[in-house]
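Okay, so here's the structure we're looking at.
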Amino acid sequence: MAQEKRFVEEITPMDVDFAQWYTDVIKKADLVDYSSVRGCMIIKPYGYAIWENIQKKLDARFKETGHENVYMPLFIPESLLQKEKDHVEGFAPEVAWVTHGGNEKLAERLCVRPTSETLFCDHYKNVIQSYRDLPKLYNQWCSVVRWEKTTRPFLRTMEFLWQEGHTAHATAEEAQEETIRMLNVYAEFCEKVLAIPVIKGRKTDKEKFAGAKETYTIESMMHDGKALQSATSHNFGDGFARAFGIQYTDRNNQLQYVHQTSWGMSTRIIGAIIMVHGDDSGLVLPPEIAPVQLVIIPVSQHKEGVLEKAHEIRQRLSRVARVSIDDSDRMPGWKFSEYEMRGVPLRLEVGPRDIEKNQVVLVRRDNREKITVSMDELETRVPQVLEEVQAGLFEKAKKMRDSKIFTALTLEEFQGILEATPGFIKAMWCGDRACEDLIKEKTGATARCIPFEQEHLSDKCVCCGRQAAHMVYWGKAY
């Protein structure tokens with residue numbers, strides 16, 4: 001047990017230093033390593049396995065809604081990036097440029113893609129001619145590069161993995177329907193698969209994507225009270241289409257501009273999983289995306305029949321769950337701590353006495369509850385307990401989030417709440433950019449979203465006291 005205690009003590013408690021706790025967890029759970037390239041991370045097998053499970057389940061949802069996967073080039077010619085004014089201005093500070101090929105200076109600089117709107121537009125203008133070519137429902141899985149000044153693994157790195165959907169439609173109504181549909185896909189995915197409750201809403205003009213007509217977001221709450229933008233969906237209207245000349249002939253043989261959308265989720269969502277569900281012992285992974293859903297720990301494995309029974313159980317359960325077994329010669333207590341650290345949802349302990357009684361002990365990672373289960377019922381009971389863990393994580397995260405949502409009617413209340421108890425603050429806003437800027441200046445909080453579910457808290461803006469237009473969720477964010 002002394003070994004187990006030392007192992008856990010290597011993690012800084014989250015209430016002592018949350019940032020250090022986060023760093024300790026990602027390193028000791030073996031998710032990433034730092035690379036020799038500033039701001040770039042090496043995603044190790046266990047961390048990448050989490051992303052693969054996310055990718056698999058999210059990609060299935062995209063295909064169910066009619067989307068196809070494509071792949072666009074890594075490089076964007078400067079002239080292409082310059083075609084949409086707001087877009088290029090929004091990304092200019094983060095762009096990495098290629099200026100030489102071998103020893104020769106390039107005639108035109110190439111941008112290493114920070115996002116792929118311009119590439120899709122350049123393609124769409126060549127493949128869309130008629131209303132029969134619409135809609136185009138494309139998605140790509142790739143990496144992008146943004147030259148960040150301050151980086152942190154998963155949350156903000158210079159290169160990161162993501163998916164970006166890009167669609168083209170005949171009408172504004174169809175584009176808006178797609179924008180909201182994909183936002184709802186993300187929200188359902190976060191809540192059902194990642195067990196992370198989210199708030200859906202629209203970004204203010206200040207916070208929307210560069211070049212977008214409207215940006216919609218799902219916002220989640222981290223354990224330290226900070227918000228994390230978990231996914232976004234953008235309605236571009238016909239702005240990019242006009243800049244790139246993407247037109248089609250409609251049913252009346254008239255030329256029209258297409259209406260476009262874009263939407264994405266990145267590896268920063270792994271950071272959200274860590275910060276929403278983790279505890280002072282390490283990761284806590286939702287069963288839906290855990291690389292290993294159940295680990296079998298043989299107890300007194302040197303005794304006759306124990307290892308054989310453990311492997312027999314593994315073979316049986318591999319049909320209903322992702323299972324591993326640790327039959328190394330390390331002490332059971334060390335193994336318990338390691339797999340707690342790695343966030344494995346269920347631990348199965350089996351020893352000589354269990355074999356005599358035809359039973360095993362299941363231990364839940366989320367609440368450490370121990371459950372005695374007959375070996376005859378394992379194939380039915382293990383999936384049930386995994387479902388209970390999944391549901392329990394969501395309810396726990398929702399309770400945590402709701403406890404950190406506050407209401408402010410004045411700027412003084414706003415400041416006081418944020419200083420005392422970080423979280424979401426619901427407050428009324430007049431819609432004026434000047435008030436939005438002043439709130440950020442005085443409190444450090446930004447407008448996270450204008451939620452679809454509006455509440456009438458007051459008639460007055462929390463900042464200026466004039467007539468309020470919207471209820472907004474505000475907060476500090478990653």
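By convention in this document, the chains of the structure tokens carry letters A, B, ... by their order, each chain's residues are numbered from 1, and ligands are numbered from 1 in the order they are shown.
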task = Give me the residues within 7 Å of segment 371-382 of chain A as a PyMOL selection string, counting only C-alpha atoms and dropping any in the same chain fewer than 3 places off.
result = chain A and resi 317+320+358-363+385-386
request  = Find the residues around segment 44-59 of chain A up to 6 Å (only C-alpha atoms counted), leave out those fewer than 2 positions away in its own chain, and share them as a list of chain:residue names.
outcome  = A:Leu31, A:Val32, A:Arg61, A:Phe62, A:Ile289, A:Pro291
Could the residues in this selection be written to a file with C-alpha atoms, as a compact mmCIF listing (two decimals), in the first residue's frame?
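Saved as part_38.txt:
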```
# COMPACT_ATOMS: atom_id res chain seq x y z
CA LEU A 31 -1.26 10.56 -22.92
CA VAL A 32 1.35 12.87 -24.45
CA ARG A 61 -22.64 10.38 -36.97
CA PHE A 62 -21.38 12.45 -39.91
CA ILE A 289 -14.37 6.36 -25.43
CA PRO A 291 -9.40 2.56 -24.82
```
Residues of segment 328-394 of chain A that approach segment 23-26 of chain A to 12 Å or less, counting only C-alpha atoms: could you list each one with the shortest pair of atoms and its distance in Å to one decimal, rows by chain and increasing residue number, as a Markdown table?
```
| residue | atom | partner | partner_atom | distance |
| --- | --- | --- | --- | --- |
| A:Glu338 | CA | A:Val25 | CA | 11.6 |
| A:Glu340 | CA | A:Val25 | CA | 11.2 |
| A:Met341 | CA | A:Val25 | CA | 7.6 |
| A:Arg342 | CA | A:Val25 | CA | 8.6 |
| A:Gly343 | CA | A:Val25 | CA | 10.1 |
```
Restricting the output to N, CA and C atoms, write the selected residues as a tab-separated table (two decimals), in the first residue's frame.
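Listing of selection.tsv after writing:
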```
chain	number	residue	atom	x	y	z
A	338	GLU	N	-2.28	2.35	-10.73
A	338	GLU	CA	-1.95	2.67	-12.12
A	338	GLU	C	-3.19	2.78	-12.98
A	340	GLU	N	-6.26	3.27	-11.97
A	340	GLU	CA	-7.02	4.45	-11.56
A	340	GLU	C	-6.46	5.68	-12.25
A	341	MET	N	-5.13	5.80	-12.25
A	341	MET	CA	-4.47	6.92	-12.90
A	341	MET	C	-4.86	7.01	-14.38
A	342	ARG	N	-4.96	5.88	-15.03
A	342	ARG	CA	-5.25	5.85	-16.46
A	342	ARG	C	-6.73	5.93	-16.77
A	343	GLY	N	-7.55	5.99	-15.72
A	343	GLY	CA	-8.97	6.26	-15.91
A	343	GLY	C	-9.81	5.11	-16.40
```
Top pick for closest residue to Glu191 of chain A, considering A:Ile355, A:Ala391, A:Ala243, A:Leu418 and counting only C-alpha atoms =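 Among A:Ile355, A:Ala391, A:Ala243, A:Leu418, it is A:Ala391 that comes nearest to Glu191 of chain A.
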inquiry  = List the spatial neighbours of segment 71-86 of chain A as a ChimeraX atom specification - criterion: any atom at most 6 Å away, only C-alpha atoms, same-chain residues fewer than 2 positions off excluded.
reply    = /A:88-89,109-113,140,210-211,243
Would you put the residues from that selection into a file with N, CA and C atoms, as a PDB file, in the first residue's frame?
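Wrote it out as out_9.pdb, contents follow:
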```
ATOM      1  N   VAL A  88      -8.948  36.380 -43.773  1.00  0.00           N
ATOM      2  CA  VAL A  88      -7.491  36.489 -43.719  1.00  0.00           C
ATOM      3  C   VAL A  88      -7.047  37.373 -42.564  1.00  0.00           C
ATOM      4  N   GLU A  89      -7.794  38.432 -42.268  1.00  0.00           N
ATOM      5  CA  GLU A  89      -7.442  39.307 -41.145  1.00  0.00           C
ATOM      6  C   GLU A  89      -7.580  38.565 -39.814  1.00  0.00           C
ATOM      7  N   ARG A 109       4.279  32.839 -51.470  1.00  0.00           N
ATOM      8  CA  ARG A 109       4.321  32.164 -50.173  1.00  0.00           C
ATOM      9  C   ARG A 109       3.168  31.164 -50.055  1.00  0.00           C
ATOM     10  N   LEU A 110       3.419  30.091 -49.312  1.00  0.00           N
ATOM     11  CA  LEU A 110       2.396  29.095 -49.023  1.00  0.00           C
ATOM     12  C   LEU A 110       2.084  29.112 -47.534  1.00  0.00           C
ATOM     13  N   CYS A 111       0.816  29.186 -47.231  1.00  0.00           N
ATOM     14  CA  CYS A 111       0.360  29.135 -45.843  1.00  0.00           C
ATOM     15  C   CYS A 111       0.170  27.674 -45.441  1.00  0.00           C
ATOM     16  N   VAL A 112       0.663  27.305 -44.261  1.00  0.00           N
ATOM     17  CA  VAL A 112       0.359  25.984 -43.707  1.00  0.00           C
ATOM     18  C   VAL A 112      -1.026  26.085 -43.074  1.00  0.00           C
ATOM     19  N   ARG A 113      -1.968  25.284 -43.573  1.00  0.00           N
ATOM     20  CA  ARG A 113      -3.383  25.531 -43.290  1.00  0.00           C
ATOM     21  C   ARG A 113      -3.679  25.714 -41.801  1.00  0.00           C
ATOM     22  N   GLN A 140     -13.448  16.668 -43.549  1.00  0.00           N
ATOM     23  CA  GLN A 140     -12.107  16.086 -43.592  1.00  0.00           C
ATOM     24  C   GLN A 140     -11.523  15.972 -42.188  1.00  0.00           C
ATOM     25  N   ALA A 210     -13.977  34.240 -38.092  1.00  0.00           N
ATOM     26  CA  ALA A 210     -13.624  35.252 -39.094  1.00  0.00           C
ATOM     27  C   ALA A 210     -14.224  34.904 -40.457  1.00  0.00           C
ATOM     28  N   GLY A 211     -15.120  35.761 -40.936  1.00  0.00           N
ATOM     29  CA  GLY A 211     -15.769  35.556 -42.224  1.00  0.00           C
ATOM     30  C   GLY A 211     -17.142  34.930 -42.138  1.00  0.00           C
ATOM     31  N   ALA A 243     -16.875  35.876 -52.833  1.00  0.00           N
ATOM     32  CA  ALA A 243     -15.438  36.140 -52.921  1.00  0.00           C
ATOM     33  C   ALA A 243     -14.748  35.182 -53.888  1.00  0.00           C
TER      34      ALA A 243
END
```
task = Any chance you could list, as a ChimeraX atom specification, the residues in segment 174-249 of chain A that come up strand (DSSP E or B) when DSSP is run on the backbone?
result = /A:199-202,214-221,227-237,247-249
Within 10 Å of segment 143-164 of chain A, which residues of segment 194-250 of chain A show up? Give each one with its shortest atom-to-atom distance in Å (one decimal) and the two atoms involved, counting only C-alpha atoms, rows by chain then rising residue number, as a Markdown table.
```
| residue | atom | partner | partner_atom | distance |
| --- | --- | --- | --- | --- |
| A:Leu228 | CA | A:Leu155 | CA | 8.9 |
| A:Thr232 | CA | A:Glu164 | CA | 9.9 |
| A:Ser233 | CA | A:Glu164 | CA | 9.7 |
```
Which residues come within 7 Å of Thr171 of chain A, counting only C-alpha atoms, excluding same-chain residues fewer than 4 positions away, as a tab-separated table (two decimals) with N, CA and C atoms, in the first residue's frame?
```
chain	number	residue	atom	x	y	z
A	175	ALA	N	-28.74	26.15	-45.62
A	175	ALA	CA	-27.46	26.34	-44.92
A	175	ALA	C	-27.68	26.53	-43.42
A	258	VAL	N	-23.97	29.98	-53.97
A	258	VAL	CA	-24.26	28.96	-52.96
A	258	VAL	C	-24.18	29.59	-51.57
A	259	HIS	N	-24.74	28.89	-50.60
A	259	HIS	CA	-24.65	29.28	-49.19
A	259	HIS	C	-23.88	28.17	-48.47
```
